[in-house]
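Each remark here refers to the structure printed beneath this line.
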Amino acid sequence: MTFAHAVAAPMAGRFAWVRGGGAAAFLLDAGQYATLTDPEGLQAAVVFVVPCASGPQTVAGGMLGPIASAILDQAGADRDAISAVFARTAGLDFDLVQTHTALAGTQNAGHAVTLLASACALYVVCAPSAAMTPDQQAPATSLRLGLPPRVPGSLPAPLAAIKLAVPVPAASARAYRVARGDYIQIIDVDGKQCSDFLAFDAEALDRGQEFGIDPTTTRTLIGNTMPRPGLHAKYFDARMVPLVEIVRDTVGRHDAFMLACAAKYYDDMGYPGHANCSDNFNAALRPFGVPARVGWPAVNFFYNTMVRADGSIGADEPWSRPGDYVLLRALTDVVCASSSCADDVDAANGWNPTDIHVRVYDGANSFSQGVAHRMTPDSEPELTRTSGFHSRTAALSRRMVDYKGYWLADSFAGHGVIDEYWACRERVAVMDLSALRKLEVTGPDAEALLQMALTRDVRKLAVGQVVYSAICNAQGGMIDDATIFRLGQQNFRVVCGDAYCGVWLRQMAAENALQVWVRNATDQLHNLAVQGPRSRDVLAGLVQTPPHQPSIAELSWFRFTIGRLAGVPVLVSRTGYTGELGYEVWCHPDAGVAVWDAIFAAGGEYGIAPLGLAALEILRIEAGLMFAGFEFCDQTDPFAAGIGFAVPAQKTAPYCGAAALADRRAHPQARLVGLAIDSNDATGHGDPVFSGRTQIGVITSATQSPVLGRQIALARLDVRASGIDQRVSIGKLDGHQKRLDATVCRFPHYDPDKTRVRG
């Protein structure tokens with residue numbers, strides 16, 4: 001193998017990722033090459049090269065995942081231990097294992113090397129890391145691999161030992177039986193290919209009764225168009241008996257309200273006799289005694305259909321990519337049928353039907369639940385993950401929801417939304433907020449970068465201080481809001497909701513030739529919000545700080561301190577999202593259980609309770625706090641989002657969006673206001689607000705306020721119709737048949753002068 005420190009030509013868009021602290025394995029034949037890029041900078045990389053003794057075909061693709069995981073465990077071990085990792089893999093020459101340092105860990109963002117294979121070899125790329133304490137800024141970050149073009153029809157590595165493999169060639173269908181508890185993986189082999197899915201109660205079929213997945217029953221019971229991993233994951237039959245449940249979904253966009261394609265569709269299109277999924281299902285299911293149908297109601301995995309605003313149904317190319325899959329679990333013995341949709345006359349399969357592949361795994365396996373999330377189109381897909389506190393929150397709640405790629409509790413079984421709410425308002429409550437994205441911004445030009453990226457004047461931020469800011473595009477629209485921690489003269493931590501902020505900041509740094517690194521530390525820095533009037537009492541005796549750091553009792557609003565809690569390093573900031581006195585405790589996820597247990601032990605005498613997302617929504621609306629996708633988006637400026645205070649007119653240094661924001665400050669079109677609603681009829685995000693017949697704005701968030709005893713809302717209104725005490729109405733139905741009267745009022749609705757949070 002040889003190294004070349006240059007970016008190679010694009011490789012037909014085939015990319016893989018090496019997670020920080022993880023590894024990836026791949027084969028290269030003689031003359032092939034791969035590129036290894038560090039998008040964020042400063043990440044080391046070690047490459048293990050194991051020559052193939054008799055060509056690449058001798059190494060099964062399914063072995064690469066386990067090999068990568070095993071060698072990572074031994075990455076710091078000696079050569080004998082590394083060789084032992086490969087001891088059961090055929091076709092590799094263990095005596096010639098080579099170790100190379102591909103990236104030293106001192107490079108700038110975007111630095112790339114080319115790995116050129118002089119002979120067939122297995123490559124295992126490791127991104128070594130050490131646990132990062134909250135006062136450090138050296139996270140392990142992901143590396144990007146550019147690989148030789150994918151061979152059409154190649155399958156991804158199996159998730160476990162395969163119990164049954166069912167190839168489904170293009171434009172065909174296959175039926176198969178699955179035992180209760182076993183897992184079914186439906187794979188889109190080459191991408192953009194629909195796969196209709198049927199499942200029947202196998203024991204009922206044996207008795208001559210047909211009970212299959214009923215899409216209408218399923219949608220009614222779960223309240224969604226499609227089941228998703230988590231709380232609403234099951235598919236039901238007409239008896240309301242669950243047959244299968246979704247465990248993983250790497251696409252997240254499917255259809256369950258249309259028939260599998262049938263002969264009539266092609267007849268009407270002018271293609272009589274065209275192959276179709278319904279006829280293919282009839283043939284495949286005949287041996288199982290299932291009567292034929294002209295058209296089969298089916299779960300249409302990967303099928304990209306949508307209901308438009310006018311009620312019409314549209315379709316386009318599938319979202320799925322090569323190797324994407326849905327993983328289901330059989331809840332009883334089932335007879336299943338999977339198709340590769342035969343449609344080649346429109347965009348349903350990208351105009352080109354390709355293969356589907358089904359794998360069945362034994363129920364003794366255990367797979368994490370999750371939906372795949374991608375930050376950008378070519379980012380690595382990340383399944384919903386758990387935080388360092390998950391073992392504690394999951395033990396208290398079965399209502400776990402996918403929140404920004406993390407499993408967080410919506411509410412807790414022993415408490416409930418209202419009790420959790422009052423615990424925060426009157427006592428102390430604790431919430432897992434690890435889904436917040438944390439970006440470490442370091443380097444000689446760190447301040448310069450943030451000064452041109454943020455609406456706040458970063459030069460005024462002291463070490464140990466936190467400030468809230470907007471991040472805007474050139475048009476003045478909000479990319480995100482963020483809190484910025486200053487850890488040193490040129491050391492910052494940006495805490496935001498969207499990891500894309502890191503991409504944006506790195507792009508800005510590159511365009512302005514700044515020497516700065518922006519690295520994602522989200523997976524190595526998890527945080528608990530400890531909120532409520534007794535939060536200081538709980539933490540004061542727990543957190544030990546060195547003499548040069550403020551104690552909890554001394555910590556001012558929007559400041560942070562560094563110390564230890566339960567013997568582990570923590571950073572504690574006096575920040576929150578509830579409108580109450582409160583703190584956030586930041587730690588490495590490995591320390592999550594110890595930190596949670598210590599806080600709950602200390603909070604017992606104060607009536608401490610866990611806090612879920614549903615209660616937090618009430619708290620933040622009462623406190624007038626913004627939420628992305630509700631109060632703002634990239635077409636909303638900070639003034640219209642209600643955070644004009646985060647755009648100080650005194651900042652004269654240039655920053656992104658400054659000119660547009662100056663114009664919007666001088667000529668505002670909309671502003672965020674509070675609404676006190678006369679009725680208890682529910683209203684919510686997106687409901688129109690009227691003055692007479694004219695719509696003057698829209699509800700951004702609404703809730704029933706326990707402390708105020710009435711329904712309240714945040715609304716974005718035309719500035720000419722947003723005066724305090726002005727009477728307006730909220731439109732329901734078509735906006736005119738039903739109206740809810742309301743009054744424009746000051747916000748925050750609760751503690752508008754923030755005396756409690758400052759107390």
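Every chain in the structure tokens has a letter given in the order shown (A, B, ...), and although residue numbers restart at 1 in each chain, ligands are simply numbered from 1 in the order shown.
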Write out as a PyMOL selection string each polymer residue whose atoms come within 10 Å of Trp557 (chain A), counting only C-alpha atoms; drop sequence neighbours fewer than 3 positions from it.
chain A and resi 465-466+554+560+573-576+581-583+757-759
Please provide the set of residues having any atom within 8 Å of Asn276 (chain A), restricted to only C-alpha atoms, with same-chain residues fewer than 2 positions apart removed, written as a VMD selection string.
chain A and resid 171 261 to 263 274 278 to 280 341 to 343
What are the closest atom pairs, with distances in Å to one decimal, for all residues of region 696-746 of chain A lying within 12 Å of region 659-667 of chain A? Consider only C-alpha atoms, order rows by chain and residue number, and present the result as CSV.
```
residue,atom,partner,partner_atom,distance
A:Asp718,CA,A:His667,CA,11.8
A:Val719,CA,A:His667,CA,9.8
A:Arg720,CA,A:His667,CA,11.5
```
Just give me the gap between CA of Val241 (chain A) and CA of Val294 (chain A) in Å, one decimal is fine.
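So the answer is 25.0 Å.
Closest approach to Gly497 (chain A) among A:Asp734, A:Glu631, A:Asp267, A:Asp481 is made by A:Asp481 (distances from only C-alpha atoms).
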At a cut-off of 10 Å, using only C-alpha atoms, what residues contact Glu622 (chain A)? Leave out same-chain residues fewer than 5 positions from it and give the result as a PyMOL selection string.
chain A and resi 578-579+616-617+674+702-708+712-714+747-752
Export of the given selection (N, CA, C and O atoms) as a JSON list (two decimals), in the first residue's frame:
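What ended up in result-v2.json:
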```json
[["chain", "number", "residue", "atom", "x", "y", "z"],
["A", 578, "THR", "N", -36.72, 26.38, 30.80],
["A", 578, "THR", "CA", -37.99, 26.23, 31.52],
["A", 578, "THR", "C", -38.52, 27.53, 32.10],
["A", 578, "THR", "O", -39.67, 27.58, 32.51],
["A", 579, "GLY", "N", -37.71, 28.57, 32.18],
["A", 579, "GLY", "CA", -38.12, 29.79, 32.83],
["A", 579, "GLY", "C", -37.99, 29.75, 34.34],
["A", 579, "GLY", "O", -38.45, 30.66, 35.03],
["A", 616, "LEU", "N", -41.98, 19.64, 29.23],
["A", 616, "LEU", "CA", -41.06, 20.70, 28.82],
["A", 616, "LEU", "C", -41.73, 21.63, 27.82],
["A", 616, "LEU", "O", -41.51, 22.85, 27.83],
["A", 617, "GLU", "N", -42.55, 21.08, 26.94],
["A", 617, "GLU", "CA", -43.24, 21.91, 25.94],
["A", 617, "GLU", "C", -44.13, 22.94, 26.61],
["A", 617, "GLU", "O", -44.17, 24.11, 26.20],
["A", 674, "GLY", "N", -47.57, 37.19, 22.46],
["A", 674, "GLY", "CA", -48.32, 36.24, 23.26],
["A", 674, "GLY", "C", -49.80, 36.41, 23.01],
["A", 674, "GLY", "O", -50.27, 37.51, 22.71],
["A", 702, "ALA", "N", -48.81, 26.55, 21.12],
["A", 702, "ALA", "CA", -49.91, 26.79, 22.05],
["A", 702, "ALA", "C", -49.96, 25.69, 23.08],
["A", 702, "ALA", "O", -49.54, 24.55, 22.82],
["A", 703, "THR", "N", -50.51, 26.00, 24.26],
["A", 703, "THR", "CA", -50.64, 25.01, 25.32],
["A", 703, "THR", "C", -51.68, 25.46, 26.32],
["A", 703, "THR", "O", -52.07, 26.64, 26.36],
["A", 704, "GLN", "N", -52.14, 24.52, 27.13],
["A", 704, "GLN", "CA", -52.98, 24.83, 28.28],
["A", 704, "GLN", "C", -52.05, 25.05, 29.46],
["A", 704, "GLN", "O", -51.32, 24.14, 29.87],
["A", 705, "SER", "N", -52.03, 26.25, 30.00],
["A", 705, "SER", "CA", -51.08, 26.59, 31.06],
["A", 705, "SER", "C", -51.64, 26.23, 32.43],
["A", 705, "SER", "O", -52.65, 26.81, 32.86],
["A", 706, "PRO", "N", -51.01, 25.29, 33.13],
["A", 706, "PRO", "CA", -51.49, 24.94, 34.47],
["A", 706, "PRO", "C", -51.38, 26.10, 35.46],
["A", 706, "PRO", "O", -52.30, 26.33, 36.25],
["A", 707, "VAL", "N", -50.30, 26.85, 35.42],
["A", 707, "VAL", "CA", -50.08, 27.90, 36.41],
["A", 707, "VAL", "C", -50.97, 29.11, 36.15],
["A", 707, "VAL", "O", -51.38, 29.81, 37.09],
["A", 708, "LEU", "N", -51.31, 29.36, 34.89],
["A", 708, "LEU", "CA", -52.16, 30.49, 34.55],
["A", 708, "LEU", "C", -53.63, 30.11, 34.46],
["A", 708, "LEU", "O", -54.51, 30.99, 34.42],
["A", 712, "ILE", "N", -52.90, 29.41, 26.34],
["A", 712, "ILE", "CA", -52.05, 30.50, 25.87],
["A", 712, "ILE", "C", -51.38, 30.07, 24.57],
["A", 712, "ILE", "O", -51.32, 28.89, 24.23],
["A", 713, "ALA", "N", -50.84, 31.04, 23.86],
["A", 713, "ALA", "CA", -50.16, 30.73, 22.61],
["A", 713, "ALA", "C", -49.08, 31.76, 22.34],
["A", 713, "ALA", "O", -49.09, 32.88, 22.87],
["A", 714, "LEU", "N", -48.15, 31.37, 21.49],
["A", 714, "LEU", "CA", -47.22, 32.29, 20.85],
["A", 714, "LEU", "C", -47.67, 32.38, 19.40],
["A", 714, "LEU", "O", -48.04, 31.36, 18.79],
["A", 747, "PHE", "N", -45.45, 38.74, 26.46],
["A", 747, "PHE", "CA", -44.85, 37.44, 26.72],
["A", 747, "PHE", "C", -43.39, 37.67, 27.09],
["A", 747, "PHE", "O", -42.81, 38.70, 26.70],
["A", 748, "PRO", "N", -42.77, 36.79, 27.85],
["A", 748, "PRO", "CA", -43.31, 35.52, 28.32],
["A", 748, "PRO", "C", -44.60, 35.68, 29.14],
["A", 748, "PRO", "O", -44.76, 36.64, 29.87],
["A", 749, "HIS", "N", -45.47, 34.68, 28.99],
["A", 749, "HIS", "CA", -46.71, 34.68, 29.76],
["A", 749, "HIS", "C", -46.42, 34.53, 31.24],
["A", 749, "HIS", "O", -47.09, 35.12, 32.09],
["A", 750, "TYR", "N", -45.42, 33.71, 31.55],
["A", 750, "TYR", "CA", -45.08, 33.39, 32.94],
["A", 750, "TYR", "C", -43.78, 34.10, 33.31],
["A", 750, "TYR", "O", -42.78, 33.98, 32.59],
["A", 751, "ASP", "N", -43.81, 34.86, 34.39],
["A", 751, "ASP", "CA", -42.62, 35.56, 34.88],
["A", 751, "ASP", "C", -41.96, 36.39, 33.76],
["A", 751, "ASP", "O", -40.81, 36.15, 33.37],
["A", 752, "PRO", "N", -42.69, 37.35, 33.20],
["A", 752, "PRO", "CA", -42.17, 38.09, 32.04],
["A", 752, "PRO", "C", -40.87, 38.84, 32.31],
["A", 752, "PRO", "O", -40.11, 39.09, 31.36]]
```
